[in-house]
Amino acid sequence: MEGISFYSTTAKKNSNKSELPNKYINKLDRKNYLFTNEEEVDEYIESIQGSLQDVLFVDIEKKRDFNLLEVFKRTINNKVLPYKPNDITLEAADLLILFENNYEINGKNVVIFGAGNIGTKLAIRLAERNSNVFLWDKNPIKLKEIILGINHILPKGSNKIKKFSRKQKYQIGVSFIGAEKIIGLEYTDYFENESLIIDGGIGNYTEEFIDISNKKNSKVIRLDVRIGNRNLEAHVNNYLHGIPLDIGRCQKDKYSYVAGGMIGKRGELIVDSLVNPKVILGVANGYGGIIAPNQMTELEKERINLLNEYISENYKAGN
């Protein structure tokens, strides 16, 4: 396995360059760094020139006034690949919420503090899980626009997202705010006892809020993004080894077949594997679906028989 390391930026104010906790990927600890300006990146790259052998996974999102991925690409000769740590954070938050609620959050009232990148994505995810999602942001105009946009794209049957209401009681609270100590003592009144409260922005809640929440037997948790390491591991392996499907078309003497999602021409066979087919999934209708068995032509049925013979011969040969 190739050496792997991770590099990201943050939109959070007052952050500094740091070495974050290692990411445990493919049974090994991998270095993980955070940068806040281009000068820090240049200094780091200069310090490791000649010794770097890693595949570098670099944050592609432009959270600051520089593009971290482009800085690495123009300076480093090693393999530099993009990744999105915000999406891993989203997966970590989603998994933590589900785990702490025995994988059932249907009908629960959830307030998300911060209608930014991750907060908005999480709002969509939890609304699609049939929670009652309420969104809070310090910018009321932005909040109104985001809620309107989200509700336009949610599935028809999903609960619509609403803005934070002081008339509600919440069982789950999640924060993704780019500043510290924003959610204070007054917000404890809106949470039920034994609520789940997650700090995803790190430092978003005041000491008083946390103290009272603990006294109400709520569980206050700092989100650890390592919860999302399994998702990140799959992402890394797909980049390094390709997706686990052969996508394409194979031409035989009297017929052709497709696999891996390739849209077949009318009459082409659809199989489970391009290289070594074992199952015929159907006959392509020419626009992404399959032809019903009672609508197949004699020629199409013959193609199925020919491919079945080919598959049977391969089995007999031990392939």
# chains A, B, ... in the order shown; residues from 1 in each chain; ligands from 1
call {"tool": "residues_around", "arguments": {"residues": "Leu90 of chain A", "least_positions_apart": "6", "cutoff": "9 Å", "atoms": "only C-alpha atoms", "output": "list of chain:residue names"}}
result
A:Ile118, A:Gly119, A:Lys121, A:Leu122, A:Val225, A:Gly228
call {"tool": "write_last_selection", "arguments": {"atoms": "N, CA and C atoms", "output": "JSON list (two decimals), in the first residue's frame"}}
result
[["chain", "number", "residue", "atom", "x", "y", "z"],
["A", 118, "ILE", "N", -21.73, 22.49, 5.59],
["A", 118, "ILE", "CA", -22.04, 21.21, 6.23],
["A", 118, "ILE", "C", -23.41, 21.24, 6.87],
["A", 119, "GLY", "N", -23.76, 22.35, 7.54],
["A", 119, "GLY", "CA", -25.05, 22.43, 8.19],
["A", 119, "GLY", "C", -26.20, 22.26, 7.22],
["A", 121, "LYS", "N", -26.10, 20.72, 4.22],
["A", 121, "LYS", "CA", -26.12, 19.33, 3.73],
["A", 121, "LYS", "C", -26.70, 18.39, 4.77],
["A", 122, "LEU", "N", -26.36, 18.61, 6.04],
["A", 122, "LEU", "CA", -26.88, 17.76, 7.10],
["A", 122, "LEU", "C", -28.39, 17.96, 7.24],
["A", 225, "VAL", "N", -14.29, 13.56, 13.68],
["A", 225, "VAL", "CA", -14.47, 13.19, 12.27],
["A", 225, "VAL", "C", -13.92, 11.81, 11.95],
["A", 228, "GLY", "N", -16.02, 9.08, 10.50],
["A", 228, "GLY", "CA", -16.21, 8.94, 9.06],
["A", 228, "GLY", "C", -15.06, 8.28, 8.33]]
call {"tool": "closest_atom_pairs", "arguments": {"of": "segment 163-182 of chain A", "to": "segment 190-198 of chain A", "cutoff": "12 Å", "atoms": "only C-alpha atoms", "output": "tab-separated table"}}
result
residue	atom	partner	partner_atom	distance
A:Phe164	CA	A:Tyr190	CA	10.2
A:Ser165	CA	A:Tyr190	CA	8.9
A:Arg166	CA	A:Tyr190	CA	6.7
A:Lys167	CA	A:Tyr190	CA	7.9
A:Gln168	CA	A:Tyr190	CA	6.5
A:Lys169	CA	A:Tyr190	CA	4.9
A:Tyr170	CA	A:Phe191	CA	4.7
A:Gln171	CA	A:Ser195	CA	4.7
A:Ile172	CA	A:Leu196	CA	4.8
A:Gly173	CA	A:Ile197	CA	4.6
A:Val174	CA	A:Ile198	CA	4.7
A:Ser175	CA	A:Ile198	CA	6.4
A:Phe176	CA	A:Ile198	CA	9.1
A:Ile177	CA	A:Ile198	CA	11.7
call {"tool": "residues_around", "arguments": {"residues": "Arg266 of chain A", "least_positions_apart": "6", "cutoff": "6 Å", "atoms": "only C-alpha atoms", "output": "list in words"}}
result
Ala284, Asn285 and Gly286 of chain A
call {"tool": "write_last_selection", "arguments": {"atoms": "N, CA and C atoms", "output": "tab-separated table (two decimals), in the first residue's frame"}}
result
chain	number	residue	atom	x	y	z
A	284	ALA	N	-31.30	-4.83	-23.31
A	284	ALA	CA	-31.42	-3.37	-23.27
A	284	ALA	C	-32.53	-2.88	-24.19
A	285	ASN	N	-33.25	-1.85	-23.68
A	285	ASN	CA	-34.30	-1.25	-24.51
A	285	ASN	C	-33.81	-0.03	-25.28
A	286	GLY	N	-32.54	0.34	-25.09
A	286	GLY	CA	-31.95	1.43	-25.85
A	286	GLY	C	-31.94	2.77	-25.13
call {"tool": "atom_distance", "arguments": {"atom1": "atom CA of Lys156 of chain A", "atom2": "atom CA of Arg129 of chain A"}}
result
12.9 Å
call {"tool": "select_by_dssp", "arguments": {"residues": "segment 30-278 of chain A", "states": "alpha helix (DSSP H)", "output": "PyMOL selection string"}}
result
chain A and resi 38-48+68-75+85-100+117-128+140-153+207-215+229-241
call {"tool": "residues_around", "arguments": {"residues": "segment 300-302 of chain A", "least_positions_apart": "2", "cutoff": "9 Å", "atoms": "only C-alpha atoms", "output": "list in words"}}
result
Gly267, Glu268, Leu269, Val283, Pro293, Met296, Thr297, Glu298, Ile304, Asn305, Leu306 and Leu307 of chain A
call {"tool": "residues_around", "arguments": {"residues": "Ala93 of chain A", "least_positions_apart": "2", "cutoff": "8 Å", "atoms": "only C-alpha atoms", "output": "list in words"}}
result
Thr89, Leu90, Glu91, Leu95, Leu96, Ile97, Leu122, Gly200, Leu223 and Val225 of chain A
call {"tool": "residues_around", "arguments": {"residues": "Leu56 of chain A", "least_positions_apart": "6", "cutoff": "9 Å", "atoms": "only C-alpha atoms", "output": "ChimeraX atom specification"}}
result
/A:3-7,72,78-82
call {"tool": "write_last_selection", "arguments": {"atoms": "all heavy atoms", "output": "PDB file, in the first residue's frame"}}
result
ATOM      1  N   GLY A   3       2.162   5.067   0.581  1.00  0.00           N
ATOM      2  CA  GLY A   3       2.038   6.016   1.670  1.00  0.00           C
ATOM      3  C   GLY A   3       0.984   7.047   1.330  1.00  0.00           C
ATOM      4  O   GLY A   3       0.865   7.486   0.192  1.00  0.00           O
ATOM      5  N   ILE A   4       0.189   7.430   2.308  1.00  0.00           N
ATOM      6  CA  ILE A   4      -0.919   8.358   2.094  1.00  0.00           C
ATOM      7  C   ILE A   4      -0.884   9.413   3.183  1.00  0.00           C
ATOM      8  O   ILE A   4      -0.619   9.116   4.341  1.00  0.00           O
ATOM      9  CB  ILE A   4      -2.273   7.617   2.148  1.00  0.00           C
ATOM     10  CG1 ILE A   4      -2.373   6.584   1.020  1.00  0.00           C
ATOM     11  CG2 ILE A   4      -3.442   8.586   2.074  1.00  0.00           C
ATOM     12  CD1 ILE A   4      -3.537   5.648   1.176  1.00  0.00           C
ATOM     13  N   SER A   5      -1.161  10.661   2.819  1.00  0.00           N
ATOM     14  CA  SER A   5      -1.314  11.719   3.813  1.00  0.00           C
ATOM     15  C   SER A   5      -2.410  12.668   3.352  1.00  0.00           C
ATOM     16  O   SER A   5      -2.778  12.698   2.175  1.00  0.00           O
ATOM     17  CB  SER A   5       0.002  12.468   4.033  1.00  0.00           C
ATOM     18  OG  SER A   5       0.532  12.939   2.811  1.00  0.00           O
ATOM     19  N   PHE A   6      -2.938  13.462   4.294  1.00  0.00           N
ATOM     20  CA  PHE A   6      -4.098  14.304   4.038  1.00  0.00           C
ATOM     21  C   PHE A   6      -3.814  15.755   4.413  1.00  0.00           C
ATOM     22  O   PHE A   6      -3.144  16.030   5.415  1.00  0.00           O
ATOM     23  CB  PHE A   6      -5.304  13.798   4.842  1.00  0.00           C
ATOM     24  CG  PHE A   6      -5.734  12.416   4.462  1.00  0.00           C
ATOM     25  CD1 PHE A   6      -5.193  11.312   5.094  1.00  0.00           C
ATOM     26  CD2 PHE A   6      -6.656  12.208   3.448  1.00  0.00           C
ATOM     27  CE1 PHE A   6      -5.580  10.031   4.748  1.00  0.00           C
ATOM     28  CE2 PHE A   6      -7.042  10.936   3.084  1.00  0.00           C
ATOM     29  CZ  PHE A   6      -6.511   9.839   3.730  1.00  0.00           C
ATOM     30  N   TYR A   7      -4.366  16.682   3.604  1.00  0.00           N
ATOM     31  CA  TYR A   7      -4.115  18.115   3.792  1.00  0.00           C
ATOM     32  C   TYR A   7      -5.414  18.873   3.561  1.00  0.00           C
ATOM     33  O   TYR A   7      -6.109  18.636   2.570  1.00  0.00           O
ATOM     34  CB  TYR A   7      -3.038  18.594   2.814  1.00  0.00           C
ATOM     35  CG  TYR A   7      -1.754  17.802   2.918  1.00  0.00           C
ATOM     36  CD1 TYR A   7      -1.600  16.608   2.204  1.00  0.00           C
ATOM     37  CD2 TYR A   7      -0.720  18.213   3.754  1.00  0.00           C
ATOM     38  CE1 TYR A   7      -0.442  15.863   2.319  1.00  0.00           C
ATOM     39  CE2 TYR A   7       0.436  17.467   3.874  1.00  0.00           C
ATOM     40  CZ  TYR A   7       0.569  16.294   3.156  1.00  0.00           C
ATOM     41  OH  TYR A   7       1.720  15.548   3.290  1.00  0.00           O
ATOM     42  N   PHE A  72      -0.362  22.776  -4.083  1.00  0.00           N
ATOM     43  CA  PHE A  72       0.346  21.498  -4.038  1.00  0.00           C
ATOM     44  C   PHE A  72       0.701  21.013  -5.439  1.00  0.00           C
ATOM     45  O   PHE A  72       1.814  20.539  -5.681  1.00  0.00           O
ATOM     46  CB  PHE A  72      -0.504  20.442  -3.319  1.00  0.00           C
ATOM     47  CG  PHE A  72      -0.273  20.380  -1.837  1.00  0.00           C
ATOM     48  CD1 PHE A  72      -1.019  21.159  -0.979  1.00  0.00           C
ATOM     49  CD2 PHE A  72       0.701  19.561  -1.304  1.00  0.00           C
ATOM     50  CE1 PHE A  72      -0.815  21.115   0.390  1.00  0.00           C
ATOM     51  CE2 PHE A  72       0.918  19.505   0.060  1.00  0.00           C
ATOM     52  CZ  PHE A  72       0.160  20.280   0.915  1.00  0.00           C
ATOM     53  N   ASN A  78       4.800  14.496  -6.734  1.00  0.00           N
ATOM     54  CA  ASN A  78       4.135  13.252  -6.371  1.00  0.00           C
ATOM     55  C   ASN A  78       2.665  13.267  -6.810  1.00  0.00           C
ATOM     56  O   ASN A  78       2.171  14.256  -7.331  1.00  0.00           O
ATOM     57  CB  ASN A  78       4.199  13.035  -4.855  1.00  0.00           C
ATOM     58  CG  ASN A  78       5.615  12.911  -4.359  1.00  0.00           C
ATOM     59  OD1 ASN A  78       6.394  13.844  -4.463  1.00  0.00           O
ATOM     60  ND2 ASN A  78       5.959  11.760  -3.811  1.00  0.00           N
ATOM     61  N   LYS A  79       2.007  12.164  -6.582  1.00  0.00           N
ATOM     62  CA  LYS A  79       0.601  12.059  -6.943  1.00  0.00           C
ATOM     63  C   LYS A  79      -0.240  12.900  -5.986  1.00  0.00           C
ATOM     64  O   LYS A  79      -0.296  12.640  -4.788  1.00  0.00           O
ATOM     65  CB  LYS A  79       0.161  10.604  -6.892  1.00  0.00           C
ATOM     66  CG  LYS A  79      -1.252  10.362  -7.441  1.00  0.00           C
ATOM     67  CD  LYS A  79      -1.670   8.913  -7.310  1.00  0.00           C
ATOM     68  CE  LYS A  79      -0.879   8.033  -8.255  1.00  0.00           C
ATOM     69  NZ  LYS A  79      -1.369   6.626  -8.201  1.00  0.00           N
ATOM     70  N   VAL A  80      -0.890  13.921  -6.510  1.00  0.00           N
ATOM     71  CA  VAL A  80      -1.748  14.801  -5.724  1.00  0.00           C
ATOM     72  C   VAL A  80      -3.184  14.588  -6.177  1.00  0.00           C
ATOM     73  O   VAL A  80      -3.510  14.794  -7.347  1.00  0.00           O
ATOM     74  CB  VAL A  80      -1.355  16.287  -5.895  1.00  0.00           C
ATOM     75  CG1 VAL A  80      -2.302  17.180  -5.113  1.00  0.00           C
ATOM     76  CG2 VAL A  80       0.084  16.513  -5.451  1.00  0.00           C
ATOM     77  N   LEU A  81      -4.041  14.169  -5.262  1.00  0.00           N
ATOM     78  CA  LEU A  81      -5.423  13.853  -5.590  1.00  0.00           C
ATOM     79  C   LEU A  81      -6.376  14.677  -4.724  1.00  0.00           C
ATOM     80  O   LEU A  81      -6.080  14.958  -3.568  1.00  0.00           O
ATOM     81  CB  LEU A  81      -5.687  12.360  -5.362  1.00  0.00           C
ATOM     82  CG  LEU A  81      -4.886  11.399  -6.240  1.00  0.00           C
ATOM     83  CD1 LEU A  81      -5.093   9.963  -5.792  1.00  0.00           C
ATOM     84  CD2 LEU A  81      -5.284  11.548  -7.701  1.00  0.00           C
ATOM     85  N   PRO A  82      -7.532  15.067  -5.268  1.00  0.00           N
ATOM     86  CA  PRO A  82      -8.472  15.882  -4.500  1.00  0.00           C
ATOM     87  C   PRO A  82      -9.345  15.037  -3.572  1.00  0.00           C
ATOM     88  O   PRO A  82      -9.670  13.892  -3.880  1.00  0.00           O
ATOM     89  CB  PRO A  82      -9.323  16.534  -5.591  1.00  0.00           C
ATOM     90  CG  PRO A  82      -9.332  15.523  -6.684  1.00  0.00           C
ATOM     91  CD  PRO A  82      -7.981  14.849  -6.653  1.00  0.00           C
TER      92      PRO A  82
END
call {"tool": "residues_around", "arguments": {"residues": "segment 243-259 of chain A", "least_positions_apart": "6", "cutoff": "8 Å", "atoms": "only C-alpha atoms", "output": "mmCIF file with N, CA and C atoms, in the first residue's frame"}}
result
data_model
loop_
_atom_site.group_PDB
_atom_site.id
_atom_site.type_symbol
_atom_site.label_atom_id
_atom_site.label_comp_id
_atom_site.auth_asym_id
_atom_site.auth_seq_id
_atom_site.Cartn_x
_atom_site.Cartn_y
_atom_site.Cartn_z
ATOM 1 N N GLU A 268 -29.104 -5.212 -27.135
ATOM 2 C CA GLU A 268 -27.866 -5.675 -26.507
ATOM 3 C C GLU A 268 -28.175 -6.332 -25.162
ATOM 4 N N LEU A 269 -27.369 -7.321 -24.818
ATOM 5 C CA LEU A 269 -27.545 -8.002 -23.535
ATOM 6 C C LEU A 269 -26.881 -7.193 -22.422
ATOM 7 N N ILE A 270 -27.475 -7.248 -21.246
ATOM 8 C CA ILE A 270 -26.926 -6.595 -20.059
ATOM 9 C C ILE A 270 -26.491 -7.689 -19.098
ATOM 10 N N VAL A 271 -25.215 -7.635 -18.681
ATOM 11 C CA VAL A 271 -24.669 -8.698 -17.830
ATOM 12 C C VAL A 271 -24.069 -8.114 -16.565
ATOM 13 N N ASP A 272 -23.703 -9.017 -15.627
ATOM 14 C CA ASP A 272 -23.200 -8.584 -14.330
ATOM 15 C C ASP A 272 -21.732 -8.190 -14.358
ATOM 16 N N SER A 273 -20.972 -8.680 -15.313
ATOM 17 C CA SER A 273 -19.534 -8.405 -15.369
ATOM 18 C C SER A 273 -19.072 -8.380 -16.818
ATOM 19 N N LEU A 274 -18.283 -7.377 -17.159
ATOM 20 C CA LEU A 274 -17.810 -7.244 -18.531
ATOM 21 C C LEU A 274 -16.767 -8.310 -18.855
ATOM 22 N N VAL A 275 -15.863 -8.554 -17.908
ATOM 23 C CA VAL A 275 -14.738 -9.450 -18.156
ATOM 24 C C VAL A 275 -15.145 -10.915 -18.070
ATOM 25 N N ARG A 303 -29.953 -14.460 -28.763
ATOM 26 C CA ARG A 303 -28.737 -13.888 -28.187
ATOM 27 C C ARG A 303 -28.556 -14.319 -26.731
#
call {"tool": "closest_residue", "arguments": {"among": "A:Glu104, A:Gly157, A:Thr188, A:Lys17", "to": "Asn217 of chain A", "atoms": "only C-alpha atoms"}}
result
A:Thr188
call {"tool": "atom_distance", "arguments": {"atom1": "atom CA of Lys163 of chain A", "atom2": "atom CA of Lys144 of chain A"}}
result
7.7 Å
call {"tool": "atom_distance", "arguments": {"atom1": "atom CA of Ile112 of chain A", "atom2": "atom CA of Ile202 of chain A"}}
result
14.0 Å
call {"tool": "select_by_dssp", "arguments": {"residues": "segment 23-211 of chain A", "states": "strand (DSSP E)", "output": "MDAnalysis selection string"}}
result
chainID A and resid 23:25 28:35 55:59 80:83 109:113 132:136 162:163 170:175 191:199
call {"tool": "write_last_selection", "arguments": {"atoms": "C-alpha atoms", "output": "PDB file, in the first residue's frame"}}
result
ATOM      1  CA  LYS A  23      -6.538   9.176   9.984  1.00  0.00           C
ATOM      2  CA  TYR A  24      -6.610   5.386  10.322  1.00  0.00           C
ATOM      3  CA  ILE A  25      -6.929   4.194   6.730  1.00  0.00           C
ATOM      4  CA  LEU A  28      -2.341   2.300   9.074  1.00  0.00           C
ATOM      5  CA  ASP A  29      -2.166   5.736  10.694  1.00  0.00           C
ATOM      6  CA  ARG A  30      -1.929   8.493   8.057  1.00  0.00           C
ATOM      7  CA  LYS A  31      -0.640  12.016   8.667  1.00  0.00           C
ATOM      8  CA  ASN A  32      -3.236  14.776   8.569  1.00  0.00           C
ATOM      9  CA  TYR A  33      -2.428  18.506   8.318  1.00  0.00           C
ATOM     10  CA  LEU A  34      -4.420  21.743   8.450  1.00  0.00           C
ATOM     11  CA  PHE A  35      -3.323  25.009   6.784  1.00  0.00           C
ATOM     12  CA  VAL A  55       0.060  10.016  -2.300  1.00  0.00           C
ATOM     13  CA  LEU A  56      -1.286  13.383  -1.213  1.00  0.00           C
ATOM     14  CA  PHE A  57      -5.028  13.805  -0.688  1.00  0.00           C
ATOM     15  CA  VAL A  58      -5.632  17.556  -0.709  1.00  0.00           C
ATOM     16  CA  ASP A  59      -8.768  19.507   0.175  1.00  0.00           C
ATOM     17  CA  VAL A  80      -1.748  14.801  -5.724  1.00  0.00           C
ATOM     18  CA  LEU A  81      -5.423  13.853  -5.590  1.00  0.00           C
ATOM     19  CA  PRO A  82      -8.472  15.882  -4.500  1.00  0.00           C
ATOM     20  CA  TYR A  83     -10.748  15.029  -1.614  1.00  0.00           C
ATOM     21  CA  ASN A 109     -37.014  17.578  16.416  1.00  0.00           C
ATOM     22  CA  VAL A 110     -33.520  18.563  15.321  1.00  0.00           C
ATOM     23  CA  VAL A 111     -32.041  22.054  15.358  1.00  0.00           C
ATOM     24  CA  ILE A 112     -28.948  22.731  13.256  1.00  0.00           C
ATOM     25  CA  PHE A 113     -26.994  25.851  14.182  1.00  0.00           C
ATOM     26  CA  ASN A 132     -38.337  17.579  11.859  1.00  0.00           C
ATOM     27  CA  VAL A 133     -35.401  19.834  10.983  1.00  0.00           C
ATOM     28  CA  PHE A 134     -35.111  23.445  12.128  1.00  0.00           C
ATOM     29  CA  LEU A 135     -32.259  25.586  10.831  1.00  0.00           C
ATOM     30  CA  TRP A 136     -30.621  28.518  12.649  1.00  0.00           C
ATOM     31  CA  LYS A 162     -38.219  25.302   8.962  1.00  0.00           C
ATOM     32  CA  LYS A 163     -36.317  28.101  10.634  1.00  0.00           C
ATOM     33  CA  TYR A 170     -35.600  19.801  20.546  1.00  0.00           C
ATOM     34  CA  GLN A 171     -34.200  16.344  21.176  1.00  0.00           C
ATOM     35  CA  ILE A 172     -31.129  16.804  18.948  1.00  0.00           C
ATOM     36  CA  GLY A 173     -28.923  19.833  18.365  1.00  0.00           C
ATOM     37  CA  VAL A 174     -25.947  20.084  16.019  1.00  0.00           C
ATOM     38  CA  SER A 175     -23.694  23.095  15.462  1.00  0.00           C
ATOM     39  CA  PHE A 191     -33.820  21.405  24.631  1.00  0.00           C
ATOM     40  CA  GLU A 192     -35.542  18.537  26.370  1.00  0.00           C
ATOM     41  CA  ASN A 193     -33.803  16.635  29.137  1.00  0.00           C
ATOM     42  CA  GLU A 194     -31.481  13.874  27.915  1.00  0.00           C
ATOM     43  CA  SER A 195     -31.022  15.515  24.531  1.00  0.00           C
ATOM     44  CA  LEU A 196     -28.135  14.836  22.152  1.00  0.00           C
ATOM     45  CA  ILE A 197     -26.057  17.943  21.477  1.00  0.00           C
ATOM     46  CA  ILE A 198     -23.150  17.792  19.014  1.00  0.00           C
ATOM     47  CA  ASP A 199     -20.477  20.443  18.553  1.00  0.00           C
TER      48      ASP A 199
END
call {"tool": "closest_residue", "arguments": {"among": "A:Gln49, A:Asn314, A:Asn229, A:Thr9", "to": "Ile88 of chain A", "atoms": "only C-alpha atoms"}}
result
A:Asn229
